[in-house]
$ cat query_22.cif   # mmCIF, C-alpha atoms
data_work
loop_
_atom_site.group_PDB
_atom_site.id
_atom_site.type_symbol
_atom_site.label_atom_id
_atom_site.label_comp_id
_atom_site.auth_asym_id
_atom_site.auth_seq_id
_atom_site.Cartn_x
_atom_site.Cartn_y
_atom_site.Cartn_z
ATOM 1 C CA MET A 1 1.790 -13.248 3.991
ATOM 2 C CA ALA A 2 3.970 -10.408 2.716
ATOM 3 C CA ILE A 3 2.717 -8.540 -0.334
ATOM 4 C CA GLN A 4 4.977 -6.129 -2.220
ATOM 5 C CA LEU A 5 3.447 -3.635 -4.642
ATOM 6 C CA LYS A 6 4.945 -0.925 -6.853
ATOM 7 C CA ILE A 7 3.083 2.394 -6.629
ATOM 8 C CA PRO A 8 4.238 4.720 -9.463
ATOM 9 C CA ASN A 9 2.393 7.779 -8.103
ATOM 10 C CA LEU A 10 3.908 7.500 -4.607
ATOM 11 C CA LYS A 11 5.419 10.962 -4.194
ATOM 12 C CA GLY A 12 6.502 11.475 -0.603
ATOM 13 C CA ASP A 13 5.858 11.093 3.104
ATOM 14 C CA ASP A 14 2.282 12.402 2.869
ATOM 15 C CA CYS A 15 1.467 9.665 0.345
ATOM 16 C CA ALA A 16 3.163 7.075 2.546
ATOM 17 C CA LYS A 17 1.108 8.169 5.544
ATOM 18 C CA LYS A 18 -2.126 8.092 3.536
ATOM 19 C CA ILE A 19 -1.456 4.537 2.307
ATOM 20 C CA THR A 20 -0.471 3.362 5.792
ATOM 21 C CA LYS A 21 -3.556 4.906 7.399
ATOM 22 C CA SER A 22 -5.870 3.474 4.727
ATOM 23 C CA ILE A 23 -4.534 -0.063 5.177
ATOM 24 C CA GLN A 24 -4.537 0.143 8.996
ATOM 25 C CA THR A 25 -8.151 1.314 8.976
ATOM 26 C CA MET A 26 -9.180 -1.934 7.278
ATOM 27 C CA GLU A 27 -6.437 -4.260 8.581
ATOM 28 C CA SER A 28 -5.337 -3.042 12.009
ATOM 29 C CA ASP A 29 -2.849 -5.916 12.490
ATOM 30 C CA ALA A 30 -1.037 -5.353 9.173
ATOM 31 C CA LYS A 31 2.651 -4.483 9.224
ATOM 32 C CA ILE A 32 3.307 -1.872 6.547
ATOM 33 C CA ASP A 33 6.568 -0.611 5.081
ATOM 34 C CA VAL A 34 6.373 2.197 2.535
ATOM 35 C CA ASN A 35 9.586 3.019 0.662
ATOM 36 C CA VAL A 36 9.224 6.380 -1.072
ATOM 37 C CA ASP A 37 12.581 6.064 -2.877
ATOM 38 C CA THR A 38 11.721 2.786 -4.617
ATOM 39 C CA LYS A 39 7.972 3.566 -4.751
ATOM 40 C CA THR A 40 7.098 0.245 -3.109
ATOM 41 C CA VAL A 41 4.699 -0.779 -0.389
ATOM 42 C CA THR A 42 5.256 -4.030 1.517
ATOM 43 C CA VAL A 43 2.357 -5.282 3.601
ATOM 44 C CA ASP A 44 2.565 -8.265 5.937
ATOM 45 C CA THR A 45 -1.030 -9.276 6.584
ATOM 46 C CA ALA A 46 -3.482 -12.140 6.702
ATOM 47 C CA ALA A 47 -5.704 -10.226 4.248
ATOM 48 C CA SER A 48 -5.793 -11.182 0.589
ATOM 49 C CA GLU A 49 -3.599 -9.397 -1.943
ATOM 50 C CA GLU A 50 -6.742 -8.333 -3.786
ATOM 51 C CA SER A 51 -8.187 -6.587 -0.721
ATOM 52 C CA ILE A 52 -4.906 -4.727 -0.072
ATOM 53 C CA LYS A 53 -4.812 -3.595 -3.716
ATOM 54 C CA GLN A 54 -8.401 -2.350 -3.465
ATOM 55 C CA ILE A 55 -7.632 -0.395 -0.290
ATOM 56 C CA ILE A 56 -4.615 1.283 -1.933
ATOM 57 C CA GLN A 57 -6.606 2.104 -5.078
ATOM 58 C CA SER A 58 -9.456 3.524 -2.993
ATOM 59 C CA ALA A 59 -6.912 5.860 -1.393
ATOM 60 C CA GLY A 60 -6.177 7.248 -4.880
ATOM 61 C CA PHE A 61 -3.009 5.374 -5.819
ATOM 62 C CA ILE A 62 -2.063 3.416 -8.926
ATOM 63 C CA ILE A 63 -0.636 -0.084 -8.607
ATOM 64 C CA GLU A 64 1.785 -1.071 -11.357
ATOM 65 C CA GLY A 65 0.445 -4.001 -13.369
ATOM 66 C CA TYR A 66 -3.013 -3.878 -11.780
#
$ encode --input "query_22.cif" --output "structure tokens"
Amino acid sequence: MAIQLKIPNLKGDDCAKKITKSIQTMESDAKIDVNVDTKTVTVDTAASEESIKQIIQSAGFIIEGY
């Protein structure tokens, strides 16, 4: 299932790498696309949307509307 989230405090490549690494640590099979320009993260994973949101928040990022 593909999950797309808007991350307002996504600032650059370092942030993108941190989000990617955090998700892959918990969900090694997840396919992750981080778009710095649109401040979106798309995750294709079998994990629940809630767990992905918690991983991203634990990494220090804000999820719009969450």
$ resolve_selection --input "query_22.cif" --expression "the PyMOL selection byres ((chain A and resi 16-23) around 10)" --output "MDAnalysis selection string"
chainID A and resid 10:15 24:36 39:41 43 45 51:61
$ atom_distance --input "query_22.cif" --atom1 "CA of Glu49 (chain A)" --atom2 "CA of Asp37 (chain A)"
22.4 Å
$ atom_distance --input "query_22.cif" --atom1 "CA of Asn9 (chain A)" --atom2 "CA of Ile63 (chain A)"
8.4 Å
$ closest_residue --input "query_22.cif" --among "A:Met1, A:Ser48, A:Pro8, A:Thr42" --to "Tyr66 (chain A)" --atoms "only C-alpha atoms"
A:Pro8
$ resolve_selection --input "query_22.cif" --expression "the PyMOL selection byres ((chain A and resi 65) around 10)" --output "list of chain:residue names"
A:Leu5, A:Lys6, A:Ile7, A:Ile62, A:Ile63, A:Glu64, A:Tyr66
$ decode --input "query_22.cif" --residues "chain A" --atoms "C-alpha atoms" --output "JSON list (two decimals), in the first residue's frame"
[["chain", "number", "residue", "atom", "x", "y", "z"],
["A", 1, "MET", "CA", 0.00, 0.00, 0.00],
["A", 2, "ALA", "CA", 1.38, 3.41, -0.95],
["A", 3, "ILE", "CA", 1.18, 6.12, 1.69],
["A", 4, "GLN", "CA", 1.85, 9.77, 0.81],
["A", 5, "LEU", "CA", 2.54, 12.26, 3.58],
["A", 6, "LYS", "CA", 3.31, 15.99, 3.57],
["A", 7, "ILE", "CA", 6.25, 16.92, 5.81],
["A", 8, "PRO", "CA", 6.38, 20.73, 6.28],
["A", 9, "ASN", "CA", 9.78, 20.71, 8.02],
["A", 10, "LEU", "CA", 11.49, 18.68, 5.28],
["A", 11, "LYS", "CA", 14.41, 20.95, 4.42],
["A", 12, "GLY", "CA", 16.86, 19.12, 2.19],
["A", 13, "ASP", "CA", 18.78, 15.98, 1.31],
["A", 14, "ASP", "CA", 19.96, 15.40, 4.89],
["A", 15, "CYS", "CA", 16.33, 15.33, 6.05],
["A", 16, "ALA", "CA", 15.42, 13.01, 3.19],
["A", 17, "LYS", "CA", 18.21, 10.62, 4.14],
["A", 18, "LYS", "CA", 17.21, 10.67, 7.81],
["A", 19, "ILE", "CA", 13.57, 9.84, 6.98],
["A", 20, "THR", "CA", 14.60, 7.09, 4.55],
["A", 21, "LYS", "CA", 17.02, 5.53, 7.04],
["A", 22, "SER", "CA", 14.46, 5.67, 9.87],
["A", 23, "ILE", "CA", 11.78, 3.92, 7.81],
["A", 24, "GLN", "CA", 14.19, 1.30, 6.42],
["A", 25, "THR", "CA", 15.39, 0.47, 9.93],
["A", 26, "MET", "CA", 11.85, -0.56, 10.88],
["A", 27, "GLU", "CA", 10.54, -1.66, 7.46],
["A", 28, "SER", "CA", 13.46, -2.97, 5.41],
["A", 29, "ASP", "CA", 11.25, -3.90, 2.42],
["A", 30, "ALA", "CA", 9.61, -0.45, 2.13],
["A", 31, "LYS", "CA", 10.07, 1.53, -1.07],
["A", 32, "ILE", "CA", 10.55, 5.18, -0.16],
["A", 33, "ASP", "CA", 10.47, 8.29, -2.32],
["A", 34, "VAL", "CA", 11.24, 11.61, -0.65],
["A", 35, "ASN", "CA", 10.57, 14.75, -2.70],
["A", 36, "VAL", "CA", 12.28, 17.73, -1.08],
["A", 37, "ASP", "CA", 10.72, 20.23, -3.51],
["A", 38, "THR", "CA", 7.12, 19.28, -2.70],
["A", 39, "LYS", "CA", 7.94, 18.26, 0.90],
["A", 40, "THR", "CA", 6.30, 14.86, 0.44],
["A", 41, "VAL", "CA", 7.25, 11.34, 1.40],
["A", 42, "THR", "CA", 5.71, 8.38, -0.45],
["A", 43, "VAL", "CA", 6.14, 4.98, 1.16],
["A", 44, "ASP", "CA", 5.10, 1.72, -0.48],
["A", 45, "THR", "CA", 4.93, -0.80, 2.34],
["A", 46, "ALA", "CA", 2.88, -3.51, 3.97],
["A", 47, "ALA", "CA", 3.14, -1.60, 7.28],
["A", 48, "SER", "CA", 0.22, 0.45, 8.55],
["A", 49, "GLU", "CA", 0.01, 4.17, 7.85],
["A", 50, "GLU", "CA", 0.01, 4.78, 11.60],
["A", 51, "SER", "CA", 3.33, 2.97, 12.09],
["A", 52, "ILE", "CA", 4.97, 4.91, 9.23],
["A", 53, "LYS", "CA", 3.73, 8.19, 10.73],
["A", 54, "GLN", "CA", 5.14, 7.22, 14.13],
["A", 55, "ILE", "CA", 8.53, 6.36, 12.61],
["A", 56, "ILE", "CA", 8.69, 9.74, 10.82],
["A", 57, "GLN", "CA", 7.65, 11.62, 13.96],
["A", 58, "SER", "CA", 10.23, 9.74, 16.03],
["A", 59, "ALA", "CA", 12.86, 10.96, 13.57],
["A", 60, "GLY", "CA", 11.87, 14.54, 14.48],
["A", 61, "PHE", "CA", 9.58, 15.48, 11.60],
["A", 62, "ILE", "CA", 6.10, 17.00, 11.54],
["A", 63, "ILE", "CA", 3.37, 15.40, 9.45],
["A", 64, "GLU", "CA", 0.78, 17.82, 8.10],
["A", 65, "GLY", "CA", -2.67, 17.06, 9.51],
["A", 66, "TYR", "CA", -1.38, 14.56, 12.07]]
